[in-house]
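What follows is the content of data_31.cif, which has mmCIF, C-alpha atoms and all ligand atoms:
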data_coords
#
loop_
_atom_site.label_atom_id
_atom_site.label_comp_id
_atom_site.auth_asym_id
_atom_site.auth_seq_id
_atom_site.Cartn_x
_atom_site.Cartn_y
_atom_site.Cartn_z
CA MET A 53 -11.89 -13.65 -18.34
CA VAL A 54 -8.25 -12.50 -18.29
CA ALA A 55 -6.64 -9.07 -17.87
CA ILE A 56 -3.03 -7.96 -17.71
CA GLY A 57 -2.02 -6.30 -14.45
CA ILE A 58 1.11 -4.14 -14.39
CA ASP A 59 2.82 -2.66 -11.33
CA ILE A 60 5.25 0.18 -12.03
CA GLY A 61 7.76 0.62 -9.20
CA GLY A 62 10.71 2.91 -8.61
CA THR A 63 13.27 0.37 -9.83
CA SER A 64 11.33 -2.23 -11.82
CA ILE A 65 8.10 -2.87 -13.69
CA LYS A 66 6.33 -6.17 -13.14
CA GLY A 67 3.28 -7.59 -14.85
CA ALA A 68 1.25 -10.74 -15.33
CA ALA A 69 -1.98 -12.04 -16.74
CA VAL A 70 -4.62 -12.43 -14.06
CA LYS A 71 -7.82 -14.47 -14.23
CA SER A 72 -11.08 -13.01 -12.98
CA ASN A 73 -10.87 -15.31 -9.94
CA GLY A 74 -7.61 -13.56 -8.97
CA LYS A 75 -5.37 -16.43 -10.07
CA ILE A 76 -2.13 -15.00 -11.42
CA PHE A 77 -0.07 -16.43 -14.32
CA GLU A 78 3.71 -16.50 -14.48
CA GLY A 79 4.68 -12.89 -15.13
CA PHE A 80 7.32 -10.67 -16.67
CA SER A 81 9.53 -7.92 -15.30
CA MET A 82 11.94 -5.28 -16.54
CA PRO A 83 14.23 -2.81 -14.78
CA VAL A 84 13.54 0.92 -14.83
CA ASN A 85 16.69 2.73 -15.88
CA LYS A 86 16.63 6.21 -14.39
CA TRP A 87 18.77 7.67 -17.19
CA GLU A 88 16.27 6.62 -19.87
CA SER A 89 13.37 8.84 -20.87
CA SER A 90 9.87 7.87 -19.80
CA GLU A 91 8.95 7.35 -23.49
CA THR A 92 11.81 4.88 -24.02
CA CYS A 93 10.87 2.97 -20.89
CA ILE A 94 7.18 2.78 -21.81
CA ARG A 95 7.96 1.69 -25.39
CA LYS A 96 10.11 -1.15 -24.00
CA LEU A 97 7.29 -2.10 -21.65
CA THR A 98 4.80 -2.08 -24.53
CA VAL A 99 6.93 -4.49 -26.58
CA MET A 100 7.37 -6.71 -23.54
CA VAL A 101 3.60 -6.84 -22.97
CA GLN A 102 2.97 -7.59 -26.65
CA ASN A 103 5.50 -10.46 -26.62
CA TYR A 104 4.02 -11.79 -23.39
CA ILE A 105 0.51 -11.81 -24.88
CA GLU A 106 1.75 -13.64 -28.00
CA ARG A 107 3.82 -16.14 -26.02
CA HIS A 108 0.84 -17.08 -23.85
CA GLN A 109 -1.62 -16.95 -26.78
CA LEU A 110 -3.83 -14.49 -24.94
CA ALA A 111 -4.53 -12.07 -27.80
CA ASP A 112 -8.26 -12.84 -28.10
CA LYS A 113 -8.81 -13.48 -24.39
CA ILE A 114 -7.59 -10.16 -22.95
CA GLU A 115 -10.24 -7.84 -21.49
CA GLY A 116 -7.77 -5.04 -20.96
CA ILE A 117 -4.56 -3.86 -19.34
CA GLY A 118 -4.55 -2.25 -15.89
CA ILE A 119 -1.51 -0.34 -14.64
CA GLY A 120 -0.68 0.73 -11.08
CA ILE A 121 1.55 3.82 -11.07
CA PRO A 122 3.27 5.61 -8.16
CA GLY A 123 2.33 9.23 -8.62
CA THR A 124 -0.30 11.82 -9.40
CA LEU A 125 -2.44 10.75 -12.33
CA ASP A 126 -5.05 12.14 -14.67
CA ILE A 127 -6.99 8.93 -15.03
CA SER A 128 -9.51 10.17 -17.62
CA SER A 129 -6.79 11.12 -20.14
CA GLY A 130 -4.44 8.28 -19.15
CA THR A 131 -1.66 10.69 -18.19
CA ILE A 132 0.94 10.53 -15.42
CA ASN A 133 1.02 14.13 -14.12
CA TYR A 134 4.01 13.49 -11.93
CA ALA A 135 5.78 10.43 -10.57
CA ASN A 136 8.32 11.56 -8.00
CA ASN A 137 10.33 8.30 -7.70
CA LEU A 138 10.66 7.97 -11.47
CA ARG A 139 11.03 11.69 -12.18
CA TRP A 140 8.38 11.33 -14.88
CA GLU A 141 6.26 14.35 -15.72
CA ASN A 142 3.25 14.69 -18.05
CA VAL A 143 3.60 11.25 -19.60
CA ARG A 144 0.67 10.14 -21.79
CA ILE A 145 1.24 6.49 -20.97
CA VAL A 146 -2.06 5.16 -22.34
CA ASP A 147 -1.61 6.90 -25.73
CA LEU A 148 1.99 5.66 -25.97
CA MET A 149 0.98 2.05 -25.31
CA HIS A 150 -1.97 2.29 -27.70
CA GLU A 151 0.48 2.91 -30.57
CA ILE A 152 1.04 -0.86 -30.51
CA LEU A 153 -1.47 -2.50 -28.16
CA PRO A 154 -5.12 -2.57 -29.34
CA TYR A 155 -6.61 -3.19 -25.88
CA GLN A 156 -8.43 -1.03 -23.39
CA ILE A 157 -5.87 0.37 -20.94
CA LYS A 158 -6.68 1.82 -17.50
CA ILE A 159 -4.34 3.43 -14.99
CA MET A 160 -4.65 3.86 -11.25
CA ASN A 161 -2.53 4.86 -8.27
CA ASP A 162 -0.25 1.97 -7.25
CA ALA A 163 -1.29 2.01 -3.58
CA ASN A 164 -4.94 1.84 -4.64
CA ALA A 165 -4.15 -1.06 -6.97
CA SER A 166 -2.57 -3.03 -4.11
CA ALA A 167 -5.51 -2.22 -1.85
CA LEU A 168 -8.02 -3.33 -4.48
CA GLY A 169 -6.13 -6.58 -5.08
CA GLU A 170 -5.85 -7.35 -1.38
CA ALA A 171 -9.49 -6.46 -0.71
CA ARG A 172 -10.98 -8.48 -3.59
CA PHE A 173 -8.65 -11.46 -3.83
CA GLY A 174 -6.41 -11.45 -0.74
CA ALA A 175 -7.10 -11.12 2.97
CA GLY A 176 -10.29 -9.14 2.34
CA LYS A 177 -12.05 -11.53 -0.04
CA HIS A 178 -15.48 -12.72 1.12
CA HIS A 179 -15.92 -9.38 2.95
CA PRO A 180 -18.11 -6.62 1.45
CA THR A 181 -16.44 -3.66 3.20
CA VAL A 182 -12.67 -3.70 3.54
CA VAL A 183 -10.16 -1.03 4.56
CA VAL A 184 -6.57 -1.73 3.50
CA ILE A 185 -3.79 0.24 5.17
CA THR A 186 -0.15 0.17 4.05
CA LEU A 187 2.35 0.88 6.81
CA GLY A 188 5.53 1.68 4.94
CA THR A 189 7.71 4.76 4.56
CA GLY A 190 4.37 6.56 4.61
CA VAL A 191 0.85 5.45 5.44
CA GLY A 192 -1.43 4.78 2.49
CA GLY A 193 -4.73 3.09 2.22
CA ALA A 194 -8.09 2.70 0.63
CA ALA A 195 -11.61 1.65 1.42
CA VAL A 196 -13.10 -0.96 -0.91
CA ILE A 197 -16.85 -1.42 -0.77
CA ASP A 198 -18.50 -4.24 -2.76
CA GLY A 199 -15.32 -4.62 -4.82
CA LYS A 200 -15.15 -0.92 -5.73
CA ILE A 201 -12.46 1.39 -4.45
CA ILE A 202 -13.64 4.71 -3.00
CA GLU A 203 -11.50 7.31 -4.77
CA GLY A 204 -13.65 10.45 -4.90
CA ASN A 205 -13.48 13.36 -7.32
CA GLU A 206 -10.83 12.87 -10.04
CA SER A 207 -9.78 9.76 -8.08
CA LYS A 208 -7.79 12.02 -5.79
CA GLY A 209 -9.50 11.11 -2.51
CA GLY A 210 -8.80 8.20 -0.24
CA GLU A 211 -5.74 9.77 1.38
CA LEU A 212 -6.33 7.74 4.51
CA GLY A 213 -2.81 8.33 5.85
CA HIS A 214 -3.38 12.07 6.07
CA MET A 215 -6.23 12.01 8.54
CA THR A 216 -5.31 14.34 11.42
CA ILE A 217 -5.12 12.45 14.68
CA VAL A 218 -3.20 15.08 16.71
CA VAL A 219 -4.00 18.75 16.05
CA ASP A 220 -0.68 20.68 15.92
CA GLY A 221 1.12 17.35 16.22
CA GLU A 222 4.24 16.01 14.51
CA MET A 223 5.17 17.40 11.08
CA CYS A 224 3.92 15.29 8.16
CA THR A 225 5.39 14.88 4.66
CA CYS A 226 2.25 16.51 3.22
CA GLY A 227 3.07 19.84 4.87
CA ARG A 228 0.43 19.60 7.60
CA ARG A 229 0.84 18.44 11.17
CA GLY A 230 -0.48 15.52 13.15
CA CYS A 231 -1.49 13.15 10.32
CA LEU A 232 -1.68 9.42 11.04
CA GLU A 233 1.33 9.04 8.72
CA ALA A 234 3.40 11.16 11.13
CA TYR A 235 2.73 8.60 13.91
CA ALA A 236 2.11 5.20 12.31
CA SER A 237 4.58 4.99 9.40
CA ALA A 238 7.91 3.16 9.53
CA THR A 239 9.51 6.61 9.34
CA ALA A 240 7.66 7.75 12.47
CA LEU A 241 8.42 4.52 14.32
CA THR A 242 12.12 4.89 13.46
CA ARG A 243 12.09 8.51 14.69
CA ASP A 244 10.47 7.55 18.01
CA THR A 245 12.79 4.56 18.43
CA LYS A 246 15.90 6.70 18.01
CA LYS A 247 14.60 9.22 20.57
CA ALA A 248 13.89 6.47 23.10
CA MET A 249 17.27 4.80 22.52
CA LEU A 250 19.12 8.04 23.23
CA LYS A 251 17.31 8.27 26.57
CA ASN A 252 17.84 4.58 27.42
CA ARG A 253 21.42 3.52 26.85
CA ASP A 254 20.84 0.13 28.51
CA SER A 255 18.04 -0.87 26.11
CA LEU A 256 18.42 -4.15 24.24
CA MET A 257 17.75 -2.15 21.06
CA TRP A 258 21.39 -0.98 21.13
CA LYS A 259 22.39 -4.64 20.61
CA LEU A 260 20.14 -4.89 17.54
CA ALA A 261 21.26 -1.52 16.17
CA PRO A 262 24.69 -0.49 17.55
CA GLU A 263 24.42 2.83 15.69
CA LEU A 264 21.35 5.02 15.24
CA ASN A 265 21.82 4.81 11.45
CA PHE A 266 20.95 1.10 11.63
CA VAL A 267 17.57 1.71 13.29
CA ASP A 268 14.47 0.75 11.34
CA GLY A 269 10.98 -0.48 12.19
CA THR A 270 12.18 -4.02 12.92
CA VAL A 271 14.40 -2.91 15.85
CA PRO A 272 11.72 -2.01 18.44
CA PHE A 273 9.59 -5.03 17.48
CA GLY A 274 12.60 -7.35 17.72
CA ALA A 275 13.57 -6.05 21.17
CA ALA A 276 9.96 -5.97 22.39
CA LYS A 277 9.58 -9.66 21.52
CA GLN A 278 12.48 -10.28 23.92
CA GLY A 279 10.80 -8.25 26.66
CA ASP A 280 12.86 -5.04 26.48
CA PRO A 281 10.82 -2.51 28.50
CA THR A 282 11.84 0.55 26.43
CA ALA A 283 10.92 -1.23 23.18
CA LEU A 284 7.60 -2.39 24.65
CA LYS A 285 6.77 1.22 25.54
CA ILE A 286 7.56 2.33 21.97
CA ILE A 287 5.35 -0.42 20.54
CA ASP A 288 2.46 0.38 22.89
CA ASN A 289 2.70 4.05 21.94
CA PHE A 290 2.83 3.18 18.22
CA VAL A 291 -0.17 0.86 18.60
CA LYS A 292 -2.13 3.60 20.40
CA TYR A 293 -1.81 6.10 17.54
CA LEU A 294 -2.27 3.50 14.81
CA SER A 295 -5.36 2.12 16.53
CA GLU A 296 -6.88 5.57 17.02
CA GLY A 297 -6.55 6.05 13.26
CA LEU A 298 -8.11 2.65 12.59
CA LEU A 299 -10.98 3.43 14.98
CA ASN A 300 -11.71 6.54 12.91
CA TYR A 301 -11.91 4.37 9.78
CA CYS A 302 -14.20 2.00 11.67
CA ASN A 303 -16.54 4.86 12.53
CA ILE A 304 -16.58 6.13 8.95
CA PHE A 305 -16.72 2.88 6.96
CA ARG A 306 -17.63 0.21 9.56
CA PRO A 307 -15.55 -2.35 7.62
CA ASN A 308 -15.82 -6.09 8.14
CA VAL A 309 -12.04 -6.27 8.28
CA ILE A 310 -9.05 -3.94 8.20
CA VAL A 311 -6.09 -5.42 6.31
CA LEU A 312 -2.60 -4.20 7.24
CA THR A 313 0.19 -4.47 4.71
CA GLY A 314 3.68 -2.96 4.19
CA GLY A 315 6.91 -3.57 6.09
CA ILE A 316 5.56 -2.98 9.59
CA ALA A 317 2.69 -5.43 9.09
CA ASN A 318 5.36 -8.16 8.99
CA ALA A 319 5.87 -7.67 12.74
CA GLY A 320 3.20 -10.33 13.23
CA GLU A 321 1.32 -11.31 16.36
CA ILE A 322 2.99 -8.76 18.65
CA LEU A 323 1.38 -6.01 16.54
CA PHE A 324 -1.95 -7.59 15.59
CA SER A 325 -2.83 -8.84 19.09
CA ARG A 326 -2.28 -5.36 20.54
CA VAL A 327 -4.16 -3.52 17.79
CA ASN A 328 -7.12 -5.90 18.00
CA ARG A 329 -7.22 -5.57 21.79
CA TYR A 330 -7.23 -1.76 21.47
CA LEU A 331 -10.01 -1.80 18.87
CA ARG A 332 -12.16 -4.13 20.95
CA ALA A 333 -11.69 -1.91 24.02
CA TYR A 334 -12.59 1.36 22.28
CA ASN A 335 -14.98 0.25 19.53
CA TYR A 336 -17.83 2.74 19.18
CA GLY A 337 -21.21 1.48 20.35
CA TYR A 338 -19.90 -1.01 22.91
CA LYS A 339 -21.21 -4.51 22.06
CA PHE A 340 -23.99 -3.23 19.78
CA THR A 341 -21.62 -2.40 16.91
CA PRO A 342 -20.12 -5.18 14.80
CA LYS A 343 -16.59 -6.11 15.76
CA VAL A 344 -13.83 -5.24 13.28
CA GLU A 345 -10.96 -7.68 12.89
CA VAL A 346 -7.51 -6.35 11.93
CA ILE A 347 -5.67 -8.95 9.83
CA PRO A 348 -2.42 -9.20 7.83
CA ALA A 349 -2.35 -9.03 4.02
CA THR A 350 -1.82 -12.28 2.13
CA LEU A 351 -0.86 -11.41 -1.48
CA GLY A 352 2.52 -9.77 -0.89
CA TYR A 353 4.00 -8.14 -3.98
CA ASP A 354 1.35 -9.66 -6.29
CA ALA A 355 -1.39 -7.43 -4.81
CA GLY A 356 -0.62 -4.48 -7.12
CA LYS A 357 -0.72 -6.55 -10.32
CA ILE A 358 -3.89 -8.37 -9.30
CA GLY A 359 -5.57 -5.12 -8.27
CA ALA A 360 -4.65 -3.34 -11.51
CA ALA A 361 -6.06 -6.26 -13.53
CA ALA A 362 -9.18 -6.25 -11.33
CA LEU A 363 -10.17 -2.91 -12.90
CA PHE A 364 -11.59 -5.12 -15.67
CA PHE A 365 -13.40 -7.64 -13.46
CA ASP A 366 -16.89 -6.30 -12.77
ZN ZN A 401 -0.07 14.35 6.11
#
Reformat the file's structure so that it appears as structure tokens.
Ligand SMILES: [Zn+2]
Amino acid sequence: MVAIGIDIGGTSIKGAAVKSNGKIFEGFSMPVNKWESSETCIRKLTVMVQNYIERHQLADKIEGIGIGIPGTLDISSGTINYANNLRWENVRIVDLMHEILPYQIKIMNDANASALGEARFGAGKHHPTVVVITLGTGVGGAAVIDGKIIEGNESKGGELGHMTIVVDGEMCTCGRRGCLEAYASATALTRDTKKAMLKNRDSLMWKLAPELNFVDGTVPFGAAKQGDPTALKIIDNFVKYLSEGLLNYCNIFRPNVIVLTGGIANAGEILFSRVNRYLRAYNYGYKFTPKVEVIPATLGYDAGKIGAAALFFD
């Protein structure tokens, strides 16, 4: 069984054929030109997919085409309501592609596609209940149970990053206060790092980022690895809020594993050892509740394509 998985990003569109065991073929990619209309871009994509299918002689093997899209979607009608990064509005992507491609086409949110790919074929495979959390500019995530993503009514649920962890806390991008995203995203970590640097002029972090404009999530982790006390405090504080969020997911879903992905997850052992220690210390039910392991993602940028294709693997 083979399906095509497509990952639409802010600057490029990537796709590949994926086997039902998660094995991915050599793929294709095309740039997204912001000055082109959404229709032009999707027509180019459609031709590219058609050529790809012909070149790989997949025409009678394809189960369908799955597409991960960054934005608000109407999945039942195959419409992109709004994609902020692309400035696309009310785009009937499935109808447009069906003008040429005679296959079943399904769309889903791009973060959910990555989570599904990672849960079924990446770090979460072999586990029935998996929570995948992306720690990037924002915090996204999804729970995948028995290979199915929990999306809720109109597939608009699963906003795991917008769980309140501090009532009246820091402002969040969603307009509310105190969401996990406002404490555990790269944006939040950068904000807290800048604050701490201004108070601690002797911190090693000033060597890694001589100006505040250069600060990103790698700065506190880099300095903490070298023992900088200010950076270590920032990391411990970050881990506390992140772990409190993860403990909430544990209490709701009781996953076998939690998979962390996104830029901050690249911090490695310094992050994972602390988060796992925190979860073990505060796990609900003491030793009578199954332990939850927090582990790094393994599929990298392929997760979105594999997850979108996985919509056809049941
Ligand atoms: Zn929020």
Discussion item. For ligand ZN 401 (chain A), return the neighbouring residues as an MDAnalysis selection string (distance at most 9 Å; only C-alpha atoms and all ligand atoms).
Written reply: chainID A and resid 191 211 213:216 223:234
Written selection (C-alpha atoms) as a PDB file, in the frame of the given file:
ATOM      1  CA  VAL A 191       0.850   5.450   5.440  1.00  0.00           C
ATOM      2  CA  GLU A 211      -5.740   9.770   1.380  1.00  0.00           C
ATOM      3  CA  GLY A 213      -2.810   8.330   5.850  1.00  0.00           C
ATOM      4  CA  HIS A 214      -3.380  12.070   6.070  1.00  0.00           C
ATOM      5  CA  MET A 215      -6.230  12.010   8.540  1.00  0.00           C
ATOM      6  CA  THR A 216      -5.310  14.340  11.420  1.00  0.00           C
ATOM      7  CA  MET A 223       5.170  17.400  11.080  1.00  0.00           C
ATOM      8  CA  CYS A 224       3.920  15.290   8.160  1.00  0.00           C
ATOM      9  CA  THR A 225       5.390  14.880   4.660  1.00  0.00           C
ATOM     10  CA  CYS A 226       2.250  16.510   3.220  1.00  0.00           C
ATOM     11  CA  GLY A 227       3.070  19.840   4.870  1.00  0.00           C
ATOM     12  CA  ARG A 228       0.430  19.600   7.600  1.00  0.00           C
ATOM     13  CA  ARG A 229       0.840  18.440  11.170  1.00  0.00           C
ATOM     14  CA  GLY A 230      -0.480  15.520  13.150  1.00  0.00           C
ATOM     15  CA  CYS A 231      -1.490  13.150  10.320  1.00  0.00           C
ATOM     16  CA  LEU A 232      -1.680   9.420  11.040  1.00  0.00           C
ATOM     17  CA  GLU A 233       1.330   9.040   8.720  1.00  0.00           C
ATOM     18  CA  ALA A 234       3.400  11.160  11.130  1.00  0.00           C
TER      19      ALA A 234
END
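Shortest atom-to-atom contact with Asp112 (chain A) among A:Ala167, A:Val54, A:Ile310, A:Ala349: A:Val54, counting only C-alpha atoms.
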Worksheet item: Got a sec: who's within 10 Å of region 311-317 of chain A, counting all atoms listed in the file, leaving out chain neighbours fewer than 2 positions off, as a ChimeraX atom specification?
Response: /A:166-167,170-171,174-176,182-193,236-238,241,268-270,273,308-309,319-321,323-324,345-353
Item to complete: Could you give me, as a ChimeraX atom specification, the residues that have an atom at most 8 Å away from the point (-6.2, -6.5, -20.9) in the coordinates of the file, using all atoms listed in the file?
Response: /A:54-57,114-118,155-157,361,364
Could you pull the residues within 12 Å of region 138-144 of chain A, counting all atoms listed in the file, minus those fewer than 4 positions along the same chain, as a PDB file with C-alpha atoms, in the coordinates of the input?
ATOM      1  CA  ILE A  60       5.250   0.180 -12.030  1.00  0.00           C
ATOM      2  CA  GLY A  61       7.760   0.620  -9.200  1.00  0.00           C
ATOM      3  CA  GLY A  62      10.710   2.910  -8.610  1.00  0.00           C
ATOM      4  CA  THR A  63      13.270   0.370  -9.830  1.00  0.00           C
ATOM      5  CA  SER A  64      11.330  -2.230 -11.820  1.00  0.00           C
ATOM      6  CA  ILE A  65       8.100  -2.870 -13.690  1.00  0.00           C
ATOM      7  CA  PRO A  83      14.230  -2.810 -14.780  1.00  0.00           C
ATOM      8  CA  VAL A  84      13.540   0.920 -14.830  1.00  0.00           C
ATOM      9  CA  ASN A  85      16.690   2.730 -15.880  1.00  0.00           C
ATOM     10  CA  LYS A  86      16.630   6.210 -14.390  1.00  0.00           C
ATOM     11  CA  TRP A  87      18.770   7.670 -17.190  1.00  0.00           C
ATOM     12  CA  GLU A  88      16.270   6.620 -19.870  1.00  0.00           C
ATOM     13  CA  SER A  89      13.370   8.840 -20.870  1.00  0.00           C
ATOM     14  CA  SER A  90       9.870   7.870 -19.800  1.00  0.00           C
ATOM     15  CA  GLU A  91       8.950   7.350 -23.490  1.00  0.00           C
ATOM     16  CA  THR A  92      11.810   4.880 -24.020  1.00  0.00           C
ATOM     17  CA  CYS A  93      10.870   2.970 -20.890  1.00  0.00           C
ATOM     18  CA  ILE A  94       7.180   2.780 -21.810  1.00  0.00           C
ATOM     19  CA  ARG A  95       7.960   1.690 -25.390  1.00  0.00           C
ATOM     20  CA  ILE A 121       1.550   3.820 -11.070  1.00  0.00           C
ATOM     21  CA  PRO A 122       3.270   5.610  -8.160  1.00  0.00           C
ATOM     22  CA  GLY A 123       2.330   9.230  -8.620  1.00  0.00           C
ATOM     23  CA  THR A 124      -0.300  11.820  -9.400  1.00  0.00           C
ATOM     24  CA  LEU A 125      -2.440  10.750 -12.330  1.00  0.00           C
ATOM     25  CA  ASP A 126      -5.050  12.140 -14.670  1.00  0.00           C
ATOM     26  CA  ILE A 127      -6.990   8.930 -15.030  1.00  0.00           C
ATOM     27  CA  SER A 128      -9.510  10.170 -17.620  1.00  0.00           C
ATOM     28  CA  SER A 129      -6.790  11.120 -20.140  1.00  0.00           C
ATOM     29  CA  GLY A 130      -4.440   8.280 -19.150  1.00  0.00           C
ATOM     30  CA  THR A 131      -1.660  10.690 -18.190  1.00  0.00           C
ATOM     31  CA  ILE A 132       0.940  10.530 -15.420  1.00  0.00           C
ATOM     32  CA  ASN A 133       1.020  14.130 -14.120  1.00  0.00           C
ATOM     33  CA  TYR A 134       4.010  13.490 -11.930  1.00  0.00           C
ATOM     34  CA  LEU A 148       1.990   5.660 -25.970  1.00  0.00           C
ATOM     35  CA  MET A 149       0.980   2.050 -25.310  1.00  0.00           C
ATOM     36  CA  HIS A 150      -1.970   2.290 -27.700  1.00  0.00           C
ATOM     37  CA  GLU A 151       0.480   2.910 -30.570  1.00  0.00           C
ATOM     38  CA  ILE A 157      -5.870   0.370 -20.940  1.00  0.00           C
ATOM     39  CA  LYS A 158      -6.680   1.820 -17.500  1.00  0.00           C
ATOM     40  CA  ILE A 159      -4.340   3.430 -14.990  1.00  0.00           C
TER      41      ILE A 159
END
